[in-house]
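Next comes upload-v3.txt, a file with compact mmCIF, C-alpha atoms and all ligand atoms.
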```txt
# COMPACT_ATOMS: atom_id res chain seq x y z
CA MET A 1 -35.29 45.07 -84.25
CA ASN A 2 -35.14 42.48 -81.51
CA ASN A 3 -35.33 38.88 -82.70
CA PRO A 4 -35.33 36.61 -79.64
CA TYR A 5 -35.03 33.41 -81.69
CA LEU A 6 -31.92 34.58 -83.47
CA GLN A 7 -30.41 35.77 -80.20
CA GLU A 8 -31.08 32.40 -78.61
CA GLU A 9 -29.58 30.58 -81.59
CA LEU A 10 -26.41 32.70 -81.49
CA LEU A 11 -25.95 32.01 -77.80
CA ARG A 12 -26.53 28.31 -78.30
CA MET A 13 -24.18 28.02 -81.29
CA SER A 14 -21.39 29.96 -79.63
CA GLY A 15 -21.81 28.77 -76.06
CA VAL A 16 -21.07 32.37 -75.02
CA ASP A 17 -22.78 33.94 -72.01
CA PRO A 18 -22.69 37.70 -72.63
CA LYS A 19 -24.05 38.39 -69.13
CA LYS A 20 -20.61 37.51 -67.75
CA CYS A 21 -19.12 40.55 -69.54
CA MET A 22 -18.11 43.45 -67.29
CA ALA A 23 -17.49 45.82 -70.23
CA CYS A 24 -13.80 46.32 -69.49
CA GLY A 25 -12.87 46.50 -73.18
CA LYS A 26 -9.78 44.34 -72.84
CA CYS A 27 -10.93 42.13 -75.73
CA SER A 28 -11.11 45.07 -78.11
CA ALA A 29 -7.81 46.45 -76.88
CA SER A 30 -6.24 43.07 -77.78
CA CYS A 31 -7.83 42.79 -81.20
CA PRO A 32 -5.37 43.01 -84.14
CA ALA A 33 -8.23 43.81 -86.54
CA TYR A 34 -9.53 46.68 -84.39
CA ASP A 35 -8.76 49.50 -86.84
CA GLU A 36 -10.65 47.76 -89.64
CA MET A 37 -13.71 46.97 -87.57
CA GLU A 38 -16.84 49.06 -87.28
CA TYR A 39 -18.08 46.99 -84.34
CA HIS A 40 -15.41 45.70 -81.99
CA PRO A 41 -15.38 42.47 -80.00
CA HIS A 42 -16.85 44.03 -76.84
CA GLN A 43 -19.66 45.49 -78.95
CA PHE A 44 -20.51 42.08 -80.38
CA VAL A 45 -20.95 40.94 -76.80
CA SER A 46 -23.09 43.86 -75.66
CA MET A 47 -25.16 44.10 -78.83
CA VAL A 48 -26.01 40.40 -78.87
CA LYS A 49 -26.88 40.67 -75.18
CA ASN A 50 -29.26 43.54 -75.97
CA GLY A 51 -30.76 41.78 -78.99
CA ASP A 52 -29.37 44.46 -81.28
CA ILE A 53 -28.22 41.93 -83.86
CA GLU A 54 -29.31 43.33 -87.25
CA PRO A 55 -26.48 45.91 -87.47
CA LEU A 56 -23.90 43.21 -86.71
CA MET A 57 -25.27 40.99 -89.46
CA LYS A 58 -24.90 43.80 -91.98
CA SER A 59 -21.44 44.80 -90.82
CA GLU A 60 -18.15 44.27 -92.63
CA SER A 61 -16.64 43.60 -89.22
CA LEU A 62 -17.79 39.98 -89.59
CA TYR A 63 -15.22 39.47 -92.32
CA ARG A 64 -12.35 41.23 -90.59
CA CYS A 65 -12.02 38.92 -87.60
CA LEU A 66 -8.91 36.73 -87.85
CA THR A 67 -10.14 34.10 -85.37
CA CYS A 68 -6.83 34.70 -83.60
CA PHE A 69 -8.49 34.23 -80.19
CA ALA A 70 -6.58 37.11 -78.61
CA CYS A 71 -9.88 38.56 -77.34
CA ALA A 72 -10.91 35.23 -75.83
CA GLU A 73 -7.54 34.57 -74.25
CA ARG A 74 -7.27 37.99 -72.64
CA CYS A 75 -10.84 38.39 -71.39
CA PRO A 76 -10.75 38.34 -67.58
CA ARG A 77 -14.26 36.85 -67.47
CA GLY A 78 -13.87 34.02 -69.97
CA VAL A 79 -16.47 35.45 -72.34
CA GLU A 80 -14.77 34.47 -75.64
CA PRO A 81 -16.10 37.18 -77.98
CA ALA A 82 -14.45 35.43 -80.98
CA LYS A 83 -17.09 32.70 -80.76
CA LEU A 84 -19.86 35.26 -80.96
CA VAL A 85 -18.33 36.95 -84.01
CA GLU A 86 -18.16 33.52 -85.64
CA ALA A 87 -21.77 32.72 -84.75
CA VAL A 88 -23.08 35.95 -86.27
CA ARG A 89 -21.00 35.41 -89.41
CA LEU A 90 -22.37 31.89 -89.76
CA ALA A 91 -25.92 33.14 -89.26
CA VAL A 92 -25.30 35.35 -92.29
CA ILE A 93 -23.41 33.04 -94.65
CA ARG A 94 -25.68 30.07 -93.95
CA GLN A 95 -28.43 31.98 -95.73
CA GLN A 96 -29.12 31.15 -99.36
CA GLY A 97 -26.77 33.01 -101.70
CA ALA A 98 -24.93 34.80 -98.89
CA ASN A 99 -21.48 33.32 -99.43
CA ARG A 100 -18.85 35.98 -99.01
CA LEU A 101 -16.15 34.17 -100.99
CA LYS A 102 -17.01 32.52 -104.28
CA ALA A 103 -15.06 30.12 -106.46
CA GLN A 104 -14.64 32.81 -109.12
CA ASP A 105 -12.85 35.01 -106.55
CA VAL A 106 -10.02 32.51 -106.14
CA PRO A 107 -7.86 33.08 -109.26
CA ALA A 108 -7.18 36.66 -108.13
CA LEU A 109 -5.71 35.33 -104.88
CA LEU A 110 -3.38 32.81 -106.46
CA ASP A 111 0.35 33.13 -106.82
CA GLU A 112 3.18 30.59 -107.01
CA GLU A 113 3.62 30.31 -103.29
CA ILE A 114 0.19 30.52 -101.73
CA PRO A 115 -0.34 27.53 -99.41
CA GLN A 116 -3.46 25.33 -99.77
CA GLN A 117 -4.13 26.16 -96.14
CA ALA A 118 -4.87 29.81 -97.05
CA LEU A 119 -7.62 28.87 -99.48
CA VAL A 120 -9.29 26.14 -97.44
CA SER A 121 -9.28 28.42 -94.40
CA ALA A 122 -10.77 31.34 -96.32
CA PHE A 123 -13.52 29.11 -97.70
CA ARG A 124 -14.31 27.75 -94.29
CA LYS A 125 -14.63 31.26 -92.88
CA TYR A 126 -16.32 33.00 -95.77
CA ALA A 127 -18.55 30.41 -97.44
CA LYS A 128 -20.96 27.60 -96.73
CA MET B 1 8.99 4.26 -81.31
CA LYS B 2 6.16 4.57 -83.81
CA VAL B 3 3.51 7.26 -83.81
CA SER B 4 0.60 8.11 -86.11
CA TYR B 5 1.24 11.15 -88.23
CA PHE B 6 -1.12 13.58 -89.92
CA PRO B 7 0.75 15.87 -92.35
CA GLY B 8 -2.26 17.70 -93.84
CA CYS B 9 -2.76 19.10 -97.32
CA THR B 10 -0.27 21.96 -97.31
CA LEU B 11 2.62 19.72 -96.24
CA LYS B 12 1.93 17.59 -99.31
CA ASN B 13 2.16 20.61 -101.59
CA LYS B 14 3.58 24.05 -100.88
CA ALA B 15 5.18 23.16 -97.56
CA LYS B 16 6.95 19.91 -98.50
CA ALA B 17 10.06 21.07 -96.66
CA LEU B 18 8.18 21.24 -93.37
CA ASP B 19 7.12 17.61 -93.83
CA GLU B 20 10.33 16.09 -95.18
CA TYR B 21 12.59 17.63 -92.56
CA ALA B 22 10.14 16.56 -89.87
CA ARG B 23 10.24 12.93 -90.99
CA ARG B 24 13.99 12.79 -91.41
CA SER B 25 14.68 14.46 -88.08
CA ALA B 26 12.25 12.15 -86.28
CA GLU B 27 14.03 9.10 -87.72
CA ALA B 28 17.34 10.50 -86.50
CA LEU B 29 15.78 10.77 -83.05
CA GLY B 30 14.40 7.23 -83.10
CA VAL B 31 10.77 8.04 -83.88
CA THR B 32 8.96 6.83 -87.00
CA LEU B 33 6.09 8.97 -88.22
CA GLU B 34 3.52 6.58 -89.70
CA GLU B 35 1.22 8.52 -91.94
CA ILE B 36 -2.50 7.93 -91.38
CA GLU B 37 -4.08 6.30 -94.43
CA ASN B 38 -6.65 8.06 -96.59
CA TRP B 39 -6.79 11.19 -94.49
CA GLN B 40 -8.69 14.26 -95.61
CA CYS B 41 -7.91 17.93 -95.11
CA CYS B 42 -8.77 19.27 -91.64
CA GLY B 43 -10.21 22.45 -93.19
CA GLY B 44 -7.47 24.79 -92.02
CA VAL B 45 -9.47 26.54 -89.30
CA PHE B 46 -11.67 25.25 -86.51
CA THR B 47 -15.27 26.41 -86.59
CA THR B 48 -16.18 27.29 -83.04
CA ALA B 49 -19.94 26.91 -83.60
CA ARG B 50 -21.13 23.87 -81.65
CA ASP B 51 -23.72 22.96 -84.25
CA GLU B 52 -21.14 22.55 -87.03
CA VAL B 53 -20.69 18.82 -87.38
CA ALA B 54 -19.91 17.85 -90.98
CA THR B 55 -16.83 20.07 -91.22
CA LYS B 56 -15.29 18.40 -88.17
CA LEU B 57 -15.66 14.78 -89.29
CA SER B 58 -12.34 14.60 -91.14
CA SER B 59 -10.54 15.48 -87.90
CA VAL B 60 -12.49 12.85 -85.96
CA ARG B 61 -11.59 10.22 -88.58
CA ILE B 62 -7.91 11.10 -88.23
CA LEU B 63 -8.14 10.82 -84.43
CA LYS B 64 -9.94 7.48 -84.69
CA ALA B 65 -7.37 6.10 -87.10
CA ALA B 66 -4.65 6.76 -84.51
CA GLN B 67 -6.80 5.23 -81.78
CA GLU B 68 -7.26 2.04 -83.82
CA LYS B 69 -3.49 1.71 -84.11
CA GLU B 70 -3.15 2.45 -80.39
CA GLN B 71 -0.72 5.23 -81.16
CA PRO B 72 -0.53 8.88 -80.19
CA LEU B 73 -1.16 11.30 -83.05
CA VAL B 74 1.53 13.74 -84.15
CA THR B 75 0.95 16.88 -86.23
CA VAL B 76 3.42 19.46 -87.52
CA CYS B 77 1.39 22.22 -89.18
CA SER B 78 0.09 24.72 -86.59
CA ALA B 79 -3.29 24.93 -88.29
CA CYS B 80 -3.84 21.17 -88.50
CA HIS B 81 -2.81 20.88 -84.89
CA ASN B 82 -5.22 23.58 -83.77
CA VAL B 83 -8.16 22.10 -85.69
CA VAL B 84 -7.58 18.48 -84.67
CA LYS B 85 -6.91 19.34 -81.05
CA GLN B 86 -9.94 21.61 -80.72
CA THR B 87 -12.09 18.93 -82.34
CA ASN B 88 -10.77 16.33 -79.92
CA HIS B 89 -11.52 18.63 -77.02
CA ALA B 90 -15.09 19.09 -78.26
CA MET B 91 -15.44 15.29 -78.48
CA GLN B 92 -14.31 15.03 -74.85
CA THR B 93 -16.33 17.86 -73.36
CA ASP B 94 -19.45 18.50 -75.47
CA ARG B 95 -21.70 15.45 -75.11
CA GLU B 96 -24.34 16.71 -77.49
CA PHE B 97 -21.77 17.37 -80.21
CA ALA B 98 -19.97 14.06 -79.66
CA ASP B 99 -23.25 12.18 -79.80
CA LYS B 100 -24.15 13.79 -83.12
CA VAL B 101 -20.74 12.97 -84.56
CA ASN B 102 -20.89 9.37 -83.41
CA ARG B 103 -24.37 8.87 -84.83
CA TYR B 104 -23.26 10.46 -88.07
CA MET B 105 -20.26 8.18 -88.37
CA ALA B 106 -22.45 5.17 -87.46
CA GLU B 107 -19.52 2.99 -86.52
CA GLU B 108 -19.56 0.32 -83.84
CA ALA B 109 -17.28 1.89 -81.29
CA PRO B 110 -18.07 5.50 -80.39
CA TYR B 111 -15.17 7.91 -80.16
CA ASN B 112 -14.95 10.20 -77.16
CA GLY B 113 -11.65 11.98 -77.56
CA GLU B 114 -9.37 9.21 -76.28
CA THR B 115 -6.44 9.84 -78.65
CA GLU B 116 -3.45 11.68 -77.30
CA ILE B 117 -2.21 14.43 -79.65
CA TYR B 118 1.23 15.93 -79.78
CA HIS B 119 2.40 18.77 -81.87
CA TYR B 120 5.88 17.88 -83.17
CA LEU B 121 7.32 20.50 -80.80
CA GLU B 122 5.64 18.72 -77.89
CA LEU B 123 7.02 15.42 -79.14
CA LEU B 124 10.49 16.96 -78.93
CA ARG B 125 9.92 18.47 -75.49
CA ASP B 126 7.75 15.89 -73.74
CA VAL B 127 8.61 12.55 -75.34
CA ILE B 128 12.17 12.86 -76.62
CA GLY B 129 13.25 15.67 -74.30
CA PHE B 130 15.34 18.71 -75.21
CA ASP B 131 18.34 17.37 -73.27
CA ALA B 132 18.32 14.12 -75.24
CA LEU B 133 17.87 16.12 -78.43
CA LYS B 134 20.85 18.29 -77.57
CA GLU B 135 23.04 15.20 -77.38
CA LYS B 136 22.10 14.24 -80.94
CA VAL B 137 23.02 17.62 -82.40
CA VAL B 138 26.03 17.29 -84.73
CA ASN B 139 26.00 20.79 -86.30
CA PRO B 140 25.24 23.21 -83.48
CA LEU B 141 23.87 26.46 -84.93
CA LYS B 142 26.35 28.55 -83.01
CA GLY B 143 25.63 32.13 -82.19
CA LYS B 144 22.77 32.51 -84.61
CA LYS B 145 20.06 34.87 -83.31
CA ILE B 146 16.72 33.29 -84.04
CA ALA B 147 13.22 34.60 -83.36
CA ALA B 148 10.51 32.03 -82.63
CA TYR B 149 7.24 33.02 -84.26
CA TYR B 150 4.33 31.27 -82.54
CA GLY B 151 1.45 33.20 -84.12
CA CYS B 152 -1.98 32.45 -82.75
CA LEU B 153 -2.74 28.83 -83.64
CA LEU B 154 -0.21 26.97 -81.51
CA LEU B 155 -1.09 28.73 -78.28
CA ARG B 156 -4.77 29.68 -78.34
CA PRO B 157 -7.22 28.94 -76.92
CA SER B 158 -4.72 27.97 -74.24
CA GLY B 159 -7.25 26.07 -72.13
CA VAL B 160 -7.60 23.64 -75.04
CA MET B 161 -4.19 23.76 -76.71
CA LYS B 162 -2.27 23.43 -73.42
CA MET B 163 1.05 23.68 -75.22
CA ASP B 164 2.59 26.52 -73.30
CA ASP B 165 1.96 29.77 -71.46
CA PRO B 166 -0.03 31.76 -74.06
CA GLU B 167 1.54 35.10 -73.14
CA ASN B 168 5.06 33.97 -72.33
CA PRO B 169 5.78 30.75 -74.20
CA SER B 170 9.18 29.05 -74.18
CA ILE B 171 8.89 25.79 -76.13
CA ILE B 172 10.40 27.09 -79.39
CA GLU B 173 13.04 29.15 -77.56
CA ASP B 174 14.07 26.01 -75.66
CA LEU B 175 14.33 24.16 -78.97
CA ILE B 176 16.51 26.95 -80.40
CA ARG B 177 18.80 26.66 -77.37
CA ALA B 178 18.97 22.87 -77.69
CA LEU B 179 20.14 23.35 -81.29
CA GLY B 180 22.94 25.63 -80.13
CA ALA B 181 21.52 28.95 -81.32
CA GLU B 182 20.35 31.97 -79.38
CA PRO B 183 16.64 32.75 -79.06
CA VAL B 184 15.44 36.33 -79.48
CA ILE B 185 12.47 37.35 -77.35
CA TYR B 186 10.10 39.95 -78.85
CA ALA B 187 6.59 41.15 -78.09
CA ASN B 188 4.84 40.15 -81.32
CA ARG B 189 5.85 36.50 -81.27
CA ASN B 190 2.33 35.42 -80.25
CA GLU B 191 0.38 37.91 -82.37
CA CYS B 192 -1.53 36.81 -85.47
CA CYS B 193 0.00 37.35 -88.96
CA GLY B 194 -3.47 37.89 -90.41
CA GLY B 195 -3.93 34.31 -91.60
CA TYR B 196 -6.70 33.87 -94.15
CA ILE B 197 -7.55 37.60 -94.02
CA LEU B 198 -5.44 37.96 -97.17
CA ALA B 199 -8.62 36.93 -99.03
CA GLU B 200 -10.51 39.94 -97.62
CA SER B 201 -7.99 42.55 -96.66
CA PRO B 202 -4.43 42.12 -97.94
CA ALA B 203 -3.64 45.41 -96.21
CA LEU B 204 -4.47 43.99 -92.81
CA ALA B 205 -2.33 40.90 -93.47
CA LYS B 206 0.51 43.19 -94.51
CA LYS B 207 0.20 45.39 -91.44
CA ASN B 208 0.22 42.47 -89.02
CA SER B 209 2.99 40.58 -90.81
CA ASN B 210 5.25 43.60 -91.08
CA ALA B 211 4.75 44.34 -87.40
CA VAL B 212 6.00 40.84 -86.54
CA VAL B 213 9.09 41.10 -88.75
CA GLU B 214 9.99 44.63 -87.64
CA ASN B 215 9.55 43.74 -84.00
CA ALA B 216 11.73 40.62 -84.35
CA LYS B 217 14.43 42.54 -86.20
CA ALA B 218 14.43 45.33 -83.63
CA ALA B 219 15.16 42.67 -81.01
CA GLY B 220 18.17 41.55 -83.06
CA ALA B 221 16.79 38.56 -84.96
CA GLU B 222 18.70 37.30 -88.01
CA MET B 223 16.10 34.67 -88.80
CA ILE B 224 12.50 33.80 -87.93
CA ILE B 225 11.26 30.24 -87.50
CA THR B 226 7.67 29.02 -87.63
CA ALA B 227 5.57 25.86 -87.73
CA CYS B 228 2.85 27.38 -89.90
CA PRO B 229 2.89 27.55 -93.72
CA LEU B 230 0.42 30.44 -93.76
CA CYS B 231 2.47 32.48 -91.26
CA ARG B 232 5.52 31.89 -93.42
CA TYR B 233 3.67 32.89 -96.56
CA ASN B 234 2.29 36.09 -95.05
CA LEU B 235 5.62 37.15 -93.61
CA VAL B 236 7.55 36.46 -96.83
CA LYS B 237 4.88 37.80 -99.19
CA ASN B 238 4.74 41.05 -97.28
CA GLY B 239 8.42 41.67 -97.61
CA ALA B 240 10.33 40.02 -94.75
CA ASP B 241 13.99 40.84 -95.38
CA ILE B 242 15.39 38.19 -93.07
CA PRO B 243 14.91 34.46 -93.75
CA VAL B 244 11.65 32.89 -92.51
CA VAL B 245 12.11 29.13 -92.28
CA TYR B 246 10.32 26.11 -90.87
CA PHE B 247 11.57 24.93 -87.50
CA THR B 248 12.00 21.42 -88.90
CA GLU B 249 14.54 22.66 -91.43
CA LEU B 250 16.69 24.08 -88.66
CA LEU B 251 16.29 20.88 -86.69
CA ALA B 252 17.35 18.74 -89.66
CA GLU B 253 20.35 20.98 -90.21
CA ALA B 254 21.48 20.68 -86.60
CA LEU B 255 20.96 16.92 -86.63
CA GLY B 256 22.99 16.62 -89.82
CA VAL B 257 20.14 15.09 -91.84
CA LYS B 258 19.24 18.03 -94.03
CA GLU B 259 20.62 16.40 -97.16
CA ASP B 260 18.71 13.25 -98.04
CA THR B 261 21.21 10.44 -98.49
CA ASN B 262 18.59 8.18 -100.10
CA GLU B 263 18.04 10.34 -103.14
S1 LIG C 301 -10.55 36.62 -82.71
FE1 LIG C 301 -11.33 38.25 -84.07
S2 LIG C 301 -12.35 39.69 -82.70
FE2 LIG C 301 -11.06 38.38 -81.42
S3 LIG C 301 -9.11 39.48 -81.23
FE3 LIG C 301 -8.87 38.10 -82.97
S4 LIG C 301 -9.47 39.32 -84.77
FE4 LIG C 301 -10.25 40.42 -82.95
S1 LIG C 302 -12.65 41.42 -72.24
FE1 LIG C 302 -14.37 40.12 -71.62
S2 LIG C 302 -15.33 41.19 -69.90
FE2 LIG C 302 -13.99 42.69 -70.94
S3 LIG C 302 -15.38 43.70 -72.44
FE3 LIG C 302 -14.41 42.00 -73.52
S4 LIG C 302 -15.87 40.31 -73.29
FE4 LIG C 302 -16.43 41.84 -71.74
```
Translate this structure into structure tokens?
Amino acid sequence: MNNPYLQEELLRMSGVDPKKCMACGKCSASCPAYDEMEYHPHQFVSMVKNGDIEPLMKSESLYRCLTCFACAERCPRGVEPAKLVEAVRLAVIRQQGANRLKAQDVPALLDEEIPQQALVSAFRKYAK
Amino acid sequence: MKVSYFPGCTLKNKAKALDEYARRSAEALGVTLEEIENWQCCGGVFTTARDEVATKLSSVRILKAAQEKEQPLVTVCSACHNVVKQTNHAMQTDREFADKVNRYMAEEAPYNGETEIYHYLELLRDVIGFDALKEKVVNPLKGKKIAAYYGCLLLRPSGVMKMDDPENPSIIEDLIRALGAEPVIYANRNECCGGYILAESPALAKKNSNAVVENAKAAGAEMIITACPLCRYNLVKNGADIPVVYFTELLAEALGVKEDTNE
């Protein structure tokens, strides 16, 4: 399903221009979450470019990205796939009831040493 | 010299050592870190979406507080630094975003990214200077083989962070040398530990963290130093069998101010 409004919104939110991509795959080769991802950074770029966004929105890959920016740093064309992954994830979790991480999930994560930073970061990435 | 200082939430809780050794070492080097008043948490990670405004306001308030005091802003935590610096960059370069923020804050003087930000490492390198630091070292950490762990947040995106070469950084290695120890260079020093992924996939955090430790050890490291509480947590939690310590602790030790004489 091709939704031109969603595609436009993702491009606007992220500031990414997928037309600059030359499909070299360097972003995905750099990605430390690669093995856990169904769709890899270069696929986020090509699929958003083609308007093939539904499968990305349903994919667990959205929650595997570390926002480490390796893909963005190493892209020879300055595409910054990380920003597109983030935009698709936000398009999902901004929907009513679509939070990935909920307050009741937190106790299971806690131990004596866990830094506050871990929890605030997880909430910022996984909930609205 | 006085500078504005933003410690962030983790340095007030689980990473008190990172904060206390930073303050004490700065004093020993003639710099007073003046904590910003009534600051709020930066959120831990920068949201790259340009239409996210509310979550970036705490960073803008911190930057404005430093501007009002006409001081540069210093951070220590890698995550705080990344978030505040990326927010400042957005205030400088994204007019639409900056306009929204300024209207939201509804204060008289608009903020457009004027504040200068230094990570504590940059304060050491660019303001104090590693040569001057070296002269203040009283306990040189002789012969110790130390691996600098940058992770992702200090270096990337490099066009914004501008701290160092993102693929071949040297700022922490130069610090290690200034303190009299020997830096160990290894491939994974600028790879991510997994960060917040522990909430989703502890296995992925473990894999990445173990790769960093194993790679550092294979290069001969006896110790790893970091500026990030979450990097430290991930490395230690996933079984690092060499010490993982904050760079400020090592600095305080070398400067002879590790024990607090006021307590
Ligand atoms: S930012 Fe996300 S997609 Fe890009 S390299 Fe890191 S984990 Fe992979
Ligand atoms: S590295 Fe850049 S140009 Fe190459 S596939 Fe990835 S996004 Fe496209």
List all protein, DNA and RNA residues that have any atom at most 9 Å from ligand LIG 301 (chain C), counting only C-alpha atoms and all ligand atoms, and write the list as an NGL selection string.
-> (:A and (27-34 or 37 or 40-42 or 44 or 61-62 or 64-74 or 80-86)) or (:B and (152 or 192 or 194))
Out of A:Leu6, A:Glu36, A:Arg89, A:Gly78, which residue has the shortest atom-to-atom distance to ligand LIG 302 (chain C) when counting all atoms listed in the file?
-> A:Gly78
Rank nothing, just name the residue among A:Val16, A:Ala98, A:Leu11, A:Val79 nearest to ligand LIG 302 (chain C), using only C-alpha atoms and all ligand atoms.
->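 Ranked by minimum distance to ligand LIG 302 (chain C), first place goes to A:Val79.
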Give me, as a JSON list (two decimals) with C-alpha atoms, in the coordinates of the input, all polymer residues having an atom no more than 7 Å from Phe247 in chain B, counting only C-alpha atoms and skipping those fewer than 4 positions away in the same chain.
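See around-v9.json below for the written result:
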```json
[["chain", "number", "residue", "atom", "x", "y", "z"],
["B", 225, "ILE", "CA", 11.26, 30.24, -87.50],
["B", 226, "THR", "CA", 7.67, 29.02, -87.63],
["B", 227, "ALA", "CA", 5.57, 25.86, -87.73],
["B", 251, "LEU", "CA", 16.29, 20.88, -86.69]]
```
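Residues having any atom no farther than 10 Å from (27.2, 18.6, -84.0) (counting only C-alpha atoms) are Lys134, Glu135, Lys136, Val137, Val138, Asn139, Pro140, Leu141, Leu179, Gly180, Glu253, Ala254, Leu255 and Gly256 of chain B.
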Residue neighbourhood Gln96 in chain A, 12 Å, only C-alpha atoms, exclusion window fewer than 5 positions, as a ChimeraX atom specification = /A:90-91,127-128
Of the listed residues B:Leu133, B:Cys77, B:Leu204, B:Ala147, that which approaches Ala15 in chain B most closely, counting all atoms listed in the file |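 Nearest to Ala15 in chain B: B:Cys77.
For the set A:Lys49, A:Lys125, A:Arg77, A:Lys102, the residue with the smallest atom-to-atom gap to ligand LIG 302 (chain C) is A:Arg77, counting only C-alpha atoms and all ligand atoms.
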Using all atoms listed in the file, select each residue of chain A with any atom at most 6 Å away from an atom of chain B, and give the selection as an MDAnalysis selection string.
-> chainID A and resid 13:14 68 83 115:118 120:122
Contacts of Ala23 in chain A at 10 Å (only C-alpha atoms; same-chain gap of 2+ positions) as a list in words | Pro18, Lys19, Lys20, Cys21, Gly25, Lys26, Cys27, His42, Gln43, Val45, Ser46 and Arg77 of chain A
Just give me the gap between CA of Leu123 in chain B and CA of Ile62 in chain B in Å, one decimal is fine.
->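 Distance between the two atoms: 18.0 Å.
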Atomic separation - CA of Val74 in chain B relative to CA of His89 in chain B, Å |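 Atom-to-atom, CA of His89 in chain B to CA of Val74 in chain B, that is 15.7 Å.
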In Å to one decimal, how far is CA of Ser4 in chain B from CA of Val244 in chain B?
-> 27.9 Å
Leaving out Pro110 in chain B and any residue of its chain fewer than 6 positions from it, which residues lie within 12 Å of it when counting all atoms listed in the file, given as a ChimeraX atom specification?
-> /B:60-61,63-64,67-68,91-92,95,98-104
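Residue nearest His81 in chain B within the list B:Gly113, B:Gly239, B:Gly143, B:Pro7: B:Pro7 [criterion: smallest interatomic distance, only C-alpha atoms].
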Give the answer as one residue: which of A:Ile114, A:Met47, A:Cys75, A:Val92 has the shortest atom-to-atom distance to ligand LIG 302 (chain C), using all atoms listed in the file?
->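 Of A:Ile114, A:Met47, A:Cys75, A:Val92, the one nearest ligand LIG 302 (chain C) is A:Cys75, counting all atoms listed in the file.
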Show me, as AutoDock Vina command-line options, the centre and edge lengths in Å to one decimal of the axis-aligned box that covers every listed atom of ligand LIG 302 (chain C) with 5 Å on each side.
```
--center_x -14.5 --center_y 41.9 --center_z -71.7 --size_x 13.8 --size_y 13.6 --size_z 13.6
```
Reconstruct N, CA, C and O atoms of range 85-95 of chain A from the incomplete input and present them as a tab-separated table (two decimals), keeping the file's coordinate frame.
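Okay, this is what ended up in part_21.tsv:
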```tsv
chain	number	residue	atom	x	y	z
A	85	VAL	N	-18.56	36.40	-82.66
A	85	VAL	CA	-18.33	36.95	-84.01
A	85	VAL	C	-18.56	35.83	-85.03
A	85	VAL	O	-19.23	36.00	-86.04
A	86	GLU	N	-18.01	34.67	-84.74
A	86	GLU	CA	-18.16	33.52	-85.64
A	86	GLU	C	-19.63	33.12	-85.79
A	86	GLU	O	-20.10	32.83	-86.90
A	87	ALA	N	-20.35	33.12	-84.69
A	87	ALA	CA	-21.77	32.72	-84.75
A	87	ALA	C	-22.58	33.68	-85.61
A	87	ALA	O	-23.41	33.26	-86.41
A	88	VAL	N	-22.34	34.97	-85.45
A	88	VAL	CA	-23.08	35.95	-86.27
A	88	VAL	C	-22.70	35.79	-87.74
A	88	VAL	O	-23.57	35.80	-88.62
A	89	ARG	N	-21.42	35.60	-88.01
A	89	ARG	CA	-21.00	35.41	-89.41
A	89	ARG	C	-21.68	34.18	-90.00
A	89	ARG	O	-22.17	34.20	-91.14
A	90	LEU	N	-21.73	33.10	-89.24
A	90	LEU	CA	-22.37	31.89	-89.76
A	90	LEU	C	-23.86	32.11	-89.99
A	90	LEU	O	-24.43	31.63	-90.97
A	91	ALA	N	-24.49	32.86	-89.09
A	91	ALA	CA	-25.92	33.14	-89.26
A	91	ALA	C	-26.15	33.87	-90.59
A	91	ALA	O	-27.18	33.69	-91.23
A	92	VAL	N	-25.18	34.65	-91.00
A	92	VAL	CA	-25.30	35.35	-92.29
A	92	VAL	C	-24.99	34.42	-93.45
A	92	VAL	O	-25.81	34.25	-94.36
A	93	ILE	N	-23.81	33.79	-93.44
A	93	ILE	CA	-23.41	33.04	-94.65
A	93	ILE	C	-24.16	31.72	-94.81
A	93	ILE	O	-24.14	31.14	-95.89
A	94	ARG	N	-24.86	31.28	-93.78
A	94	ARG	CA	-25.68	30.07	-93.95
A	94	ARG	C	-26.96	30.37	-94.75
A	94	ARG	O	-27.66	29.46	-95.13
A	95	GLN	N	-27.24	31.64	-94.95
A	95	GLN	CA	-28.43	31.98	-95.73
A	95	GLN	C	-28.17	31.73	-97.22
A	95	GLN	O	-27.04	31.86	-97.69
```
